[in-house]
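Source file: work.txt; contents: compact mmCIF, C-alpha atoms.
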# COMPACT_ATOMS: atom_id res chain seq x y z
CA MET A 222 70.70 118.83 99.70
CA ASN A 223 73.44 119.69 102.24
CA ASP A 224 77.09 120.44 101.46
CA ARG A 225 78.22 116.83 101.99
CA GLN A 226 75.58 115.52 99.62
CA MET A 227 76.58 118.09 97.03
CA GLU A 228 80.23 117.03 97.35
CA ARG A 229 79.17 113.37 96.96
CA THR A 230 77.10 114.21 93.89
CA ARG A 231 80.02 116.02 92.26
CA LEU A 232 82.37 113.13 93.06
CA VAL A 233 79.97 110.54 91.65
CA GLN A 234 79.41 112.59 88.49
CA THR A 235 83.19 112.79 88.02
CA ILE A 236 83.76 109.06 88.50
CA PHE A 237 80.60 107.94 86.70
CA PRO A 238 79.83 110.57 84.04
CA GLU A 239 77.17 108.26 82.52
CA GLY A 240 75.76 107.26 85.90
CA ILE A 241 76.59 104.40 88.26
CA PRO A 242 75.94 101.00 86.63
CA ARG A 243 72.90 99.26 88.11
CA LEU A 244 74.24 95.71 87.77
CA TRP A 245 77.56 94.71 89.34
CA CYS A 246 79.35 91.35 89.57
CA PRO A 247 81.87 90.03 92.14
CA LEU A 248 83.83 88.00 89.58
CA LEU A 249 84.77 84.40 90.42
CA THR A 250 88.45 83.56 90.85
CA HIS A 251 89.45 80.42 88.93
CA TYR A 252 92.41 78.16 89.69
CA ARG A 253 94.72 75.80 87.82
CA ASP A 254 95.57 72.30 88.99
CA ASP A 255 98.65 73.66 90.77
CA LYS A 256 96.37 76.05 92.74
CA THR A 257 97.69 79.16 91.00
CA ILE A 258 95.16 81.59 89.56
CA ASP A 259 93.93 80.66 86.09
CA PHE A 260 93.78 84.03 84.35
CA ASN A 261 92.91 82.55 80.95
CA ARG A 262 89.81 81.01 82.47
CA MET A 263 88.97 84.25 84.27
CA GLU A 264 89.37 86.21 81.04
CA ALA A 265 86.92 83.93 79.20
CA HIS A 266 84.43 84.26 82.05
CA PHE A 267 84.86 88.05 82.15
CA GLU A 268 84.23 88.29 78.41
CA TYR A 269 81.10 86.16 78.78
CA ILE A 270 79.66 88.48 81.44
CA SER A 271 80.78 91.95 80.36
CA PRO A 272 78.25 92.55 77.55
CA TRP A 273 75.58 92.88 80.26
CA VAL A 274 77.53 93.81 83.41
CA LYS A 275 79.28 97.19 83.51
CA GLY A 276 80.45 97.17 87.13
CA PHE A 277 82.75 94.67 88.84
CA LEU A 278 83.90 94.12 92.42
CA ILE A 279 87.22 92.26 92.33
CA PRO A 280 87.95 90.47 94.54
CA GLY A 281 84.58 90.16 96.24
CA SER A 282 83.43 87.45 98.62
CA THR A 283 82.31 85.36 95.64
CA GLY A 284 85.83 85.78 94.24
CA ASP A 285 87.38 84.42 97.47
CA GLY A 286 88.33 87.92 98.62
CA TRP A 287 88.44 86.82 102.27
CA GLU A 288 90.64 83.80 101.50
CA LEU A 289 93.10 85.23 98.97
CA THR A 290 96.62 85.99 100.14
CA GLU A 291 97.86 89.54 99.73
CA GLU A 292 99.87 88.47 96.67
CA GLU A 293 96.83 86.79 95.12
CA THR A 294 94.73 89.89 95.84
CA LEU A 295 97.29 92.03 94.02
CA GLN A 296 97.26 89.60 91.08
CA VAL A 297 93.50 89.66 90.62
CA ALA A 298 93.45 93.45 91.06
CA ASP A 299 96.02 93.74 88.25
CA PHE A 300 93.92 91.41 86.11
CA ALA A 301 90.80 93.46 86.74
CA ALA A 302 92.48 96.78 86.00
CA ALA A 303 93.87 95.43 82.73
CA HIS A 304 90.49 94.11 81.61
CA THR A 305 88.52 97.28 82.35
CA ARG A 306 91.08 99.53 80.66
CA ASN A 307 89.56 101.77 77.99
CA LYS A 308 86.20 100.00 78.27
CA ASN A 309 82.90 101.33 79.54
CA ILE A 310 83.25 99.16 82.63
CA HIS A 311 83.87 100.30 86.20
CA LEU A 312 85.86 98.53 88.89
CA LEU A 313 85.71 98.50 92.67
CA ILE A 314 88.75 96.91 94.31
CA GLY A 315 87.73 94.68 97.21
CA ILE A 316 89.80 95.17 100.38
CA LEU A 317 88.22 92.37 102.42
CA ARG A 318 90.15 92.09 105.66
CA PRO A 319 88.92 91.51 109.23
CA ASP A 320 90.14 94.77 110.79
CA VAL A 321 91.38 98.24 110.01
CA LYS A 322 95.03 97.19 110.28
CA GLY A 323 94.55 94.55 107.61
CA VAL A 324 92.61 96.92 105.34
CA LYS A 325 95.21 99.68 105.58
CA GLY A 326 98.02 97.17 105.03
CA THR A 327 96.45 95.88 101.82
CA ILE A 328 95.75 99.42 100.58
CA SER A 329 99.41 100.30 101.21
CA ALA A 330 100.54 97.19 99.34
CA MET A 331 98.30 98.11 96.41
CA LYS A 332 99.69 101.63 96.32
CA GLU A 333 103.25 100.27 96.33
CA HIS A 334 102.26 97.80 93.62
CA ASN A 335 100.83 100.68 91.56
CA VAL A 336 97.30 99.31 91.51
CA PHE A 337 96.01 102.80 92.31
CA HIS A 338 98.56 104.61 90.16
CA LEU A 339 95.88 106.38 88.14
CA LEU A 340 93.30 106.89 90.88
CA GLU A 341 94.20 110.30 92.25
CA ASN A 342 91.70 111.32 94.85
CA LYS A 343 91.32 115.07 95.11
CA GLY A 344 87.89 115.28 96.65
CA ALA A 345 85.34 116.18 94.01
CA GLY A 346 88.20 116.54 91.49
CA THR A 347 89.09 112.85 91.39
CA SER A 348 90.86 111.94 88.18
CA ILE A 349 89.71 108.55 86.86
CA SER A 350 92.09 106.39 84.89
CA PRO A 351 91.40 104.52 81.68
CA ASP A 352 91.32 101.46 83.98
CA HIS A 353 88.03 102.83 85.37
CA ILE A 354 89.02 102.01 88.95
CA CYS A 355 86.35 103.89 90.85
CA GLY A 356 87.26 103.10 94.46
CA ILE A 357 87.66 100.48 97.16
CA THR A 358 85.19 98.24 98.97
CA ILE A 359 85.42 97.56 102.71
CA CYS A 360 83.36 95.79 105.36
CA PRO A 361 82.77 96.63 109.00
CA PRO A 362 85.49 95.12 111.20
CA ARG A 363 84.91 91.50 112.19
CA GLY A 364 83.67 90.79 115.70
CA LYS A 365 80.38 89.61 117.13
CA GLY A 366 80.70 91.73 120.24
CA LEU A 367 81.71 95.01 118.63
CA SER A 368 79.62 98.05 119.55
CA GLN A 369 78.35 100.53 116.98
CA VAL A 370 80.85 103.05 118.35
CA GLU A 371 83.71 100.64 117.62
CA ILE A 372 82.35 99.84 114.15
CA ASP A 373 82.00 103.56 113.40
CA LEU A 374 85.55 104.32 114.58
CA GLU A 375 87.20 101.60 112.49
CA ILE A 376 85.26 102.44 109.33
CA SER A 377 86.00 106.13 109.89
CA GLU A 378 89.73 105.43 110.07
CA ILE A 379 89.57 103.99 106.56
CA MET A 380 87.23 106.70 105.28
CA ASP A 381 89.77 109.26 106.49
CA MET A 382 92.12 107.97 103.78
CA ALA A 383 89.83 109.89 101.36
CA LEU A 384 89.52 107.17 98.71
CA PRO A 385 86.11 106.78 97.07
CA THR A 386 84.63 103.95 99.10
CA ALA A 387 81.87 101.36 99.02
CA LEU A 388 80.69 99.96 102.35
CA TYR A 389 79.76 96.28 102.24
CA GLN A 390 77.36 94.78 104.82
CA LEU A 391 78.21 91.07 105.22
CA PRO A 392 77.31 89.72 108.68
CA GLN A 393 77.80 86.15 107.40
CA VAL A 394 81.53 86.94 107.68
CA THR A 395 81.88 89.95 109.98
CA GLU A 396 79.36 88.64 112.57
CA ASN A 397 77.87 92.12 112.93
CA GLU A 398 76.11 94.86 110.99
CA ALA A 399 76.53 98.59 110.78
CA ALA A 400 73.26 99.96 112.14
CA PRO A 401 71.20 102.42 110.07
CA GLU A 402 72.12 105.24 112.43
CA THR A 403 75.84 104.40 112.09
CA PHE A 404 75.53 104.42 108.32
CA ALA A 405 73.71 107.77 108.40
CA ARG A 406 76.46 109.31 110.54
CA LEU A 407 79.14 108.04 108.16
CA ALA A 408 77.26 109.35 105.13
CA GLU A 409 76.88 112.72 106.84
CA ARG A 410 80.61 112.98 107.60
CA TYR A 411 82.18 111.48 104.47
CA SER A 412 81.37 112.56 100.93
CA ASN A 413 83.74 109.79 99.69
CA LEU A 414 81.23 107.18 100.91
CA ILE A 415 79.53 106.78 97.55
CA PHE A 416 78.23 103.21 97.43
CA PHE A 417 76.64 100.70 99.82
CA LYS A 418 76.11 96.96 99.32
CA ASP A 419 74.01 94.76 101.62
CA SER A 420 74.28 90.97 101.36
CA SER A 421 72.76 90.29 104.77
CA GLY A 422 69.22 89.64 103.60
CA ASN A 423 68.06 91.86 106.46
CA ASP A 424 68.08 95.08 104.40
CA SER A 425 68.03 97.10 107.61
CA ILE A 426 69.76 100.19 106.22
CA ALA A 427 68.01 100.39 102.84
CA SER A 428 64.61 99.81 104.45
CA SER A 429 65.17 102.29 107.28
CA SER A 430 64.00 105.88 107.42
CA VAL A 431 67.49 107.33 108.04
CA ASP A 432 68.85 109.83 105.52
CA LYS A 433 71.00 107.87 103.04
CA GLY A 434 72.62 111.09 101.83
CA GLY A 435 72.45 110.13 98.17
CA VAL A 436 74.69 107.06 98.62
CA PHE A 437 74.02 104.51 95.83
CA LEU A 438 72.42 101.41 97.37
CA VAL A 439 72.82 97.93 95.88
CA ARG A 440 71.44 94.61 97.11
CA GLY A 441 73.72 91.58 97.35
CA ALA A 442 71.27 89.07 98.83
CA GLU A 443 69.82 86.61 96.32
CA GLY A 444 66.26 85.92 95.25
CA ASP A 445 63.02 87.73 94.42
CA TYR A 446 65.07 90.30 92.54
CA ALA A 447 62.51 92.51 90.84
CA ARG A 448 60.67 93.71 93.92
CA TRP A 449 63.81 95.16 95.52
CA LEU A 450 64.45 97.88 92.94
CA ARG A 451 62.95 101.34 93.17
CA GLU A 452 60.78 100.94 90.08
CA ASP A 453 58.80 98.22 91.85
CA GLY A 454 58.65 100.06 95.18
CA GLY A 455 61.87 98.63 96.63
CA PRO A 456 64.61 100.58 98.42
CA TYR A 457 67.60 99.77 96.15
CA ASP A 458 69.17 101.52 93.17
CA GLY A 459 70.77 98.38 91.76
CA PHE A 460 72.31 94.97 92.35
CA LEU A 461 75.76 93.62 93.17
CA LEU A 462 75.03 89.91 92.95
CA SER A 463 77.06 86.71 93.01
CA THR A 464 74.62 85.36 90.42
CA ALA A 465 75.71 88.01 87.92
CA ASN A 466 78.50 85.47 87.34
CA SER A 467 75.89 83.01 86.11
CA PHE A 468 72.83 84.94 84.90
CA PRO A 469 74.17 88.29 83.64
CA LYS A 470 71.84 88.57 80.66
CA GLU A 471 68.78 87.56 82.67
CA LEU A 472 69.50 89.95 85.56
CA ARG A 473 70.11 92.76 83.09
CA SER A 474 66.75 92.01 81.51
CA VAL A 475 65.05 92.30 84.92
CA ILE A 476 66.45 95.82 85.28
CA ASP A 477 65.67 96.76 81.67
CA ASN A 478 62.08 95.53 81.91
CA LEU A 479 61.53 97.41 85.16
CA GLU A 480 62.88 100.57 83.54
CA ARG A 481 60.43 100.07 80.67
CA GLY A 482 57.57 99.47 83.09
CA ASP A 483 57.14 95.84 82.04
CA PHE A 484 56.73 94.50 85.57
CA LYS A 485 55.25 91.21 84.38
CA ALA A 486 58.29 90.27 82.29
CA ALA A 487 60.66 91.41 85.04
CA GLY A 488 58.78 89.33 87.60
CA GLU A 489 58.75 86.23 85.42
CA THR A 490 62.50 86.31 84.81
CA SER A 491 63.15 87.14 88.45
CA GLY A 492 61.06 84.13 89.48
CA ARG A 493 62.91 81.73 87.17
CA ILE A 494 66.32 82.85 88.47
CA SER A 495 65.13 82.78 92.08
CA GLY A 496 63.79 79.25 91.74
CA VAL A 497 66.95 77.73 90.32
CA ILE A 498 69.24 79.68 92.66
CA GLU A 499 67.31 78.53 95.72
CA LYS A 500 67.80 74.91 94.60
CA ILE A 501 71.49 75.25 93.87
CA PHE A 502 72.31 77.19 97.03
CA SER A 503 70.62 74.35 98.91
CA ILE A 504 72.70 71.78 96.99
CA VAL A 505 76.03 73.36 98.04
CA GLN A 506 75.15 73.97 101.71
CA SER A 507 76.86 70.76 102.85
CA LEU A 508 80.26 71.64 101.39
CA PRO A 509 82.91 72.22 104.08
CA HIS A 510 85.05 74.58 101.97
CA GLY A 511 84.38 78.00 100.45
CA ASN A 512 81.08 79.83 100.85
CA ALA A 513 77.65 79.31 99.33
CA PHE A 514 77.92 82.33 97.02
CA THR A 515 81.18 81.04 95.50
CA ASN A 516 80.29 77.35 95.44
CA ALA A 517 76.86 77.77 93.85
CA ASN A 518 78.16 80.06 91.13
CA LYS A 519 81.21 77.93 90.41
CA ALA A 520 78.88 74.96 89.95
CA ILE A 521 76.62 76.92 87.58
CA ASP A 522 79.51 78.52 85.70
CA HIS A 523 81.00 75.05 85.13
CA PHE A 524 77.99 74.25 82.92
CA LEU A 525 77.95 77.66 81.25
CA ALA A 526 81.61 77.20 80.38
CA HIS A 527 81.54 73.54 79.28
CA GLY A 528 77.95 73.00 78.17
CA PRO A 529 75.67 70.00 78.81
CA ASN A 530 78.60 67.58 79.15
CA ALA A 531 80.21 69.60 81.94
CA VAL A 532 79.41 66.89 84.48
CA SER A 533 82.01 64.67 82.76
CA CYS A 534 84.71 67.37 83.15
CA PRO A 535 86.75 67.69 86.37
CA GLY A 536 84.93 69.97 88.80
CA PRO A 537 86.18 73.52 89.34
CA LEU A 538 88.80 74.05 92.01
CA LEU A 539 88.03 76.01 95.16
CA HIS A 540 90.64 78.18 96.87
CA ALA A 541 91.11 75.38 99.41
CA GLY A 542 92.52 73.21 96.62
CA VAL A 543 89.59 70.79 96.44
CA ARG A 544 87.22 70.31 93.52
CA LEU A 545 83.47 70.57 93.59
CA PRO A 546 82.34 66.93 93.77
CA GLN A 547 80.53 65.20 90.93
CA GLU A 548 77.31 64.75 92.90
CA ILE A 549 77.11 68.54 93.37
CA LEU A 550 77.68 69.08 89.67
CA SER A 551 75.10 66.47 88.66
CA ALA A 552 72.44 68.05 90.88
CA THR A 553 73.34 71.52 89.58
CA GLY A 554 72.98 70.39 85.97
CA GLU A 555 69.57 68.91 86.70
CA ALA A 556 68.43 72.13 88.38
CA LEU A 557 69.62 74.27 85.46
CA ASN A 558 67.98 71.98 82.93
CA SER A 559 64.67 72.02 84.80
CA GLN A 560 64.41 75.81 84.30
CA GLY A 561 65.79 75.91 80.76
CA PHE A 562 69.14 77.42 81.79
CA LEU A 563 71.39 74.63 80.48
CA PRO A 564 73.28 75.99 77.45
CA GLU A 565 73.62 74.05 74.21
CA ARG A 566 77.29 74.96 74.06
CA GLY A 567 79.73 76.30 76.64
CA TYR A 568 81.54 79.62 76.30
CA TYR A 569 84.89 77.92 77.11
CA GLU A 570 84.59 75.07 74.62
Let me see the structure of the file written as structure tokens.
Amino acid sequence: MNDRQMERTRLVQTIFPEGIPRLWCPLLTHYRDDKTIDFNRMEAHFEYISPWVKGFLIPGSTGDGWELTEEETLQVADFAAAHTRNKNIHLLIGILRPDVKGVKGTISAMKEHNVFHLLENKGAGTSISPDHICGITICPPRGKGLSQVEIDLEISEIMDMALPTALYQLPQVTENEAAPETFARLAERYSNLIFFKDSSGNDSIASSSVDKGGVFLVRGAEGDYARWLREDGGPYDGFLLSTANSFPKELRSVIDNLERGDFKAAGETSGRISGVIEKIFSIVQSLPHGNAFTNANKAIDHFLAHGPNAVSCPGPLLHAGVRLPQEILSATGEALNSQGFLPERGYYE
């Protein structure tokens, strides 16, 4: 273990004295009829998930992090900090902006707004607040034609701010990927790079032979969950999944069963979730607003919140101000029912 890895290990042990949670959720953002954020609804959803999920990314892509205004981003960050306070739950603040200027601007706004008032980064001596804010999450800069040198430079400019940081691979939005070699160079230079999420489905960094430097690797792509964790020969330490909004107990059981060596049970649950998610992601593909991660989970959460009669309730609002249509909800309910995932009663009833 080199000096940088030792520094990273000390930093992680300070931030996560009980270890980094293996299951993380990018919490959905809910809206009222007037398009303002519905924090009562978000609180109920958070309480439904948190018995099984001990790490949250807010706002993530599934929480409309790319679409939220700066003011809305500050609001959901405040909400998240308040709801992790004095609980055994950790929080990554999503800074999802297309370039380094936007990222640094949002970080500055959050500092002015006191979002980071108890996150004092002092290298390996980071003092963690009762809010359990453990760092920020950033993506490579957006741009299909960007070279790896340009990607490295822009990420490095943010890493130089010395905040504990998670790097998020999301080519569906950024139109590029940090290459394994770029990631390895960043991990070698920056001990504050502590966490890496890949939602690409390509898994190029996790599956590569480059030295990961002890960075905690989580998978964000959906489906076939069990085989991607280390216990089953996969390259990942954990998950940061949009579907943790919808199947927190089931995904937790996949991890628990793998840890116990019950690969059969883990595989069976993984298969059930994968089957229904594949159907519902297909159902929402035609929607012109939002993204598939958000739309699929809002459709599922609608039934978890309102129960079997959810199809008769107005559909959930998207950030664009439109509701998920009834035909999407009907098809979602049928898919959930076919796999035994339709609840007898909703958590928001």
Near Phe417 in chain A, within 6 Å and counting all atoms listed in the file, which residues show up once chain neighbours fewer than 6 positions away are dropped, as a VMD selection string? chain A and resid 387 to 389 438
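Considering the residues A:Asp320, A:Val274, A:Lys418, A:Ala513 and counting only C-alpha atoms, Gln393 in chain A has its shortest atom-to-atom contact with A:Ala513.
Here CA of Gly364 in chain A and CA of Asn397 in chain A stand 6.6 Å from one another.
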Kindly assemble as a Markdown table a list of the range 366-474 of chain A residues that lie within 10 Å of range 524-544 of chain A, each paired with its nearest atom pair and their distance in Å to one decimal, using all atoms listed in the file, sorted first by chain and then by ascending residue number.
| residue | atom | partner | partner_atom | distance |
| --- | --- | --- | --- | --- |
| A:Asn466 | CA | A:Leu525 | CA | 9.9 |
| A:Ser467 | CA | A:Leu525 | CA | 7.5 |
| A:Phe468 | CA | A:Leu525 | CA | 9.6 |
Nearest to Thr327 in chain A: which of A:Gly286, A:Leu248, A:Thr305, A:Cys355 is it, counting all atoms listed in the file? A:Gly286
Using all atoms listed in the file, collect all residues at a distance of at most 9 Å from (72.9, 89.5, 105.5) as written in the file, then present them as a tab-separated table (two decimals) with C-alpha atoms, in the frame of the given file.
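New file result-v3.tsv:
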chain	number	residue	atom	x	y	z
A	390	GLN	CA	77.36	94.78	104.82
A	391	LEU	CA	78.21	91.07	105.22
A	392	PRO	CA	77.31	89.72	108.68
A	393	GLN	CA	77.80	86.15	107.40
A	398	GLU	CA	76.11	94.86	110.99
A	419	ASP	CA	74.01	94.76	101.62
A	420	SER	CA	74.28	90.97	101.36
A	421	SER	CA	72.76	90.29	104.77
A	422	GLY	CA	69.22	89.64	103.60
A	423	ASN	CA	68.06	91.86	106.46
A	424	ASP	CA	68.08	95.08	104.40
A	441	GLY	CA	73.72	91.58	97.35
A	442	ALA	CA	71.27	89.07	98.83
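The residue that comes closest to Leu450 in chain A, out of A:Asn478, A:Ser503, A:Asn261, A:Ser425 and on the basis of only C-alpha atoms, is A:Asn478.
The spacing separating CA of Ile258 in chain A from CA of Ala298 in chain A amounts to 12.1 Å.
CA of Pro456 in chain A is found 6.1 Å from CA of Ser428 in chain A.
Of the listed residues (A:Tyr411, A:Phe260, A:Tyr252, A:Phe416), A:Phe416 comes nearest to Phe237 in chain A; the distances count all atoms listed in the file.
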Nearest residue to Thr235 in chain A out of A:Pro361, A:Pro247, A:Gly444, A:Pro385, using only C-alpha atoms? A:Pro385
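Closest approach to Asn512 in chain A among A:Glu264, A:Asp477, A:Glu378, A:Asp285 is made by A:Asp285 (distances from all atoms listed in the file).
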How big is the axis-aligned box, and where does its centre sit, when it encloses all atoms of range 324-331 of chain A listed in the file and has 5 Å added on every side, reported in Å to one decimal as lines of an AutoDock Vina configuration file?
center_x = 96.6
center_y = 98.1
center_z = 101.0
size_x = 17.9
size_y = 14.4
size_z = 19.2
Excluding Asn223 in chain A and residues on its chain fewer than 2 positions from it, collect all residues at most 10 Å away from it, counting all atoms listed in the file, and give them as a list in words. Arg225, Gln226, Met227, Glu228, Glu409 and Gly434 of chain A
How would the residues just picked look written out with C-alpha atoms as a PDB file, in the coordinates of the input?
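Now in result_15.pdb:
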ATOM      1  CA  ARG A 225      78.220 116.830 101.990  1.00  0.00           C
ATOM      2  CA  GLN A 226      75.580 115.520  99.620  1.00  0.00           C
ATOM      3  CA  MET A 227      76.580 118.090  97.030  1.00  0.00           C
ATOM      4  CA  GLU A 228      80.230 117.030  97.350  1.00  0.00           C
ATOM      5  CA  GLU A 409      76.880 112.720 106.840  1.00  0.00           C
ATOM      6  CA  GLY A 434      72.620 111.090 101.830  1.00  0.00           C
TER       7      GLY A 434
END
Extract, using all atoms listed in the file, all DNA, RNA and protein residues at most 8 Å from Thr395 in chain A, discarding same-chain residues fewer than 5 positions from it, and format them as a ChimeraX atom specification. /A:319,360-365
Mind dumping the selected residues with C-alpha atoms as a PDB file, in the frame of the given file?
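Here's the written file selection.pdb:
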ATOM      1  CA  PRO A 319      88.920  91.510 109.230  1.00  0.00           C
ATOM      2  CA  CYS A 360      83.360  95.790 105.360  1.00  0.00           C
ATOM      3  CA  PRO A 361      82.770  96.630 109.000  1.00  0.00           C
ATOM      4  CA  PRO A 362      85.490  95.120 111.200  1.00  0.00           C
ATOM      5  CA  ARG A 363      84.910  91.500 112.190  1.00  0.00           C
ATOM      6  CA  GLY A 364      83.670  90.790 115.700  1.00  0.00           C
ATOM      7  CA  LYS A 365      80.380  89.610 117.130  1.00  0.00           C
TER       8      LYS A 365
END
Output range 306-329 of chain A with N, CA and C atoms present, as a PDB file, in the frame of the given file.
ATOM      1  N   ARG A 306      90.394  98.402  81.281  1.00  0.00           N
ATOM      2  CA  ARG A 306      91.080  99.530  80.660  1.00  0.00           C
ATOM      3  C   ARG A 306      90.425  99.913  79.329  1.00  0.00           C
ATOM      4  N   ASN A 307      90.130 101.201  79.223  1.00  0.00           N
ATOM      5  CA  ASN A 307      89.560 101.770  77.990  1.00  0.00           C
ATOM      6  C   ASN A 307      88.242 101.129  77.574  1.00  0.00           C
ATOM      7  N   LYS A 308      87.533 100.542  78.543  1.00  0.00           N
ATOM      8  CA  LYS A 308      86.200 100.000  78.270  1.00  0.00           C
ATOM      9  C   LYS A 308      85.194 100.741  79.142  1.00  0.00           C
ATOM     10  N   ASN A 309      83.947 100.678  78.750  1.00  0.00           N
ATOM     11  CA  ASN A 309      82.900 101.330  79.540  1.00  0.00           C
ATOM     12  C   ASN A 309      82.470 100.412  80.679  1.00  0.00           C
ATOM     13  N   ILE A 310      83.466 100.063  81.502  1.00  0.00           N
ATOM     14  CA  ILE A 310      83.250  99.160  82.630  1.00  0.00           C
ATOM     15  C   ILE A 310      83.958  99.755  83.837  1.00  0.00           C
ATOM     16  N   HIS A 311      83.299  99.723  84.982  1.00  0.00           N
ATOM     17  CA  HIS A 311      83.870 100.300  86.200  1.00  0.00           C
ATOM     18  C   HIS A 311      84.265  99.207  87.186  1.00  0.00           C
ATOM     19  N   LEU A 312      85.253  99.526  88.003  1.00  0.00           N
ATOM     20  CA  LEU A 312      85.860  98.530  88.890  1.00  0.00           C
ATOM     21  C   LEU A 312      85.990  99.062  90.313  1.00  0.00           C
ATOM     22  N   LEU A 313      85.444  98.307  91.248  1.00  0.00           N
ATOM     23  CA  LEU A 313      85.710  98.500  92.670  1.00  0.00           C
ATOM     24  C   LEU A 313      86.705  97.437  93.107  1.00  0.00           C
ATOM     25  N   ILE A 314      87.761  97.854  93.790  1.00  0.00           N
ATOM     26  CA  ILE A 314      88.750  96.910  94.310  1.00  0.00           C
ATOM     27  C   ILE A 314      88.338  96.489  95.711  1.00  0.00           C
ATOM     28  N   GLY A 315      88.139  95.178  95.908  1.00  0.00           N
ATOM     29  CA  GLY A 315      87.730  94.680  97.210  1.00  0.00           C
ATOM     30  C   GLY A 315      88.909  94.584  98.171  1.00  0.00           C
ATOM     31  N   ILE A 316      88.789  95.248  99.317  1.00  0.00           N
ATOM     32  CA  ILE A 316      89.800  95.170 100.380  1.00  0.00           C
ATOM     33  C   ILE A 316      89.122  94.454 101.548  1.00  0.00           C
ATOM     34  N   LEU A 317      88.999  93.142 101.439  1.00  0.00           N
ATOM     35  CA  LEU A 317      88.220  92.370 102.420  1.00  0.00           C
ATOM     36  C   LEU A 317      89.155  91.771 103.458  1.00  0.00           C
ATOM     37  N   ARG A 318      89.277  92.487 104.559  1.00  0.00           N
ATOM     38  CA  ARG A 318      90.150  92.090 105.660  1.00  0.00           C
ATOM     39  C   ARG A 318      89.375  92.263 106.972  1.00  0.00           C
ATOM     40  N   PRO A 319      89.751  91.529 108.024  1.00  0.00           N
ATOM     41  CA  PRO A 319      88.920  91.510 109.230  1.00  0.00           C
ATOM     42  C   PRO A 319      89.006  92.741 110.116  1.00  0.00           C
ATOM     43  N   ASP A 320      90.013  93.597 109.921  1.00  0.00           N
ATOM     44  CA  ASP A 320      90.140  94.770 110.790  1.00  0.00           C
ATOM     45  C   ASP A 320      90.832  95.894 110.041  1.00  0.00           C
ATOM     46  N   VAL A 321      90.858  97.050 110.676  1.00  0.00           N
ATOM     47  CA  VAL A 321      91.380  98.240 110.010  1.00  0.00           C
ATOM     48  C   VAL A 321      92.859  98.096 109.696  1.00  0.00           C
ATOM     49  N   LYS A 322      93.605  97.398 110.539  1.00  0.00           N
ATOM     50  CA  LYS A 322      95.030  97.190 110.280  1.00  0.00           C
ATOM     51  C   LYS A 322      95.233  96.416 108.985  1.00  0.00           C
ATOM     52  N   GLY A 323      94.450  95.355 108.819  1.00  0.00           N
ATOM     53  CA  GLY A 323      94.550  94.550 107.610  1.00  0.00           C
ATOM     54  C   GLY A 323      94.146  95.326 106.367  1.00  0.00           C
ATOM     55  N   VAL A 324      93.080  96.119 106.479  1.00  0.00           N
ATOM     56  CA  VAL A 324      92.610  96.920 105.340  1.00  0.00           C
ATOM     57  C   VAL A 324      93.674  97.928 104.924  1.00  0.00           C
ATOM     58  N   LYS A 325      94.217  98.652 105.906  1.00  0.00           N
ATOM     59  CA  LYS A 325      95.210  99.680 105.580  1.00  0.00           C
ATOM     60  C   LYS A 325      96.486  99.052 105.037  1.00  0.00           C
ATOM     61  N   GLY A 326      96.837  97.863 105.534  1.00  0.00           N
ATOM     62  CA  GLY A 326      98.020  97.170 105.030  1.00  0.00           C
ATOM     63  C   GLY A 326      97.865  96.784 103.577  1.00  0.00           C
ATOM     64  N   THR A 327      96.684  96.270 103.208  1.00  0.00           N
ATOM     65  CA  THR A 327      96.450  95.880 101.820  1.00  0.00           C
ATOM     66  C   THR A 327      96.385  97.095 100.904  1.00  0.00           C
ATOM     67  N   ILE A 328      95.775  98.183 101.378  1.00  0.00           N
ATOM     68  CA  ILE A 328      95.750  99.420 100.580  1.00  0.00           C
ATOM     69  C   ILE A 328      97.175  99.904 100.338  1.00  0.00           C
ATOM     70  N   SER A 329      98.013  99.867 101.372  1.00  0.00           N
ATOM     71  CA  SER A 329      99.410 100.300 101.210  1.00  0.00           C
ATOM     72  C   SER A 329     100.141  99.424 100.206  1.00  0.00           C
TER      73      SER A 329
END
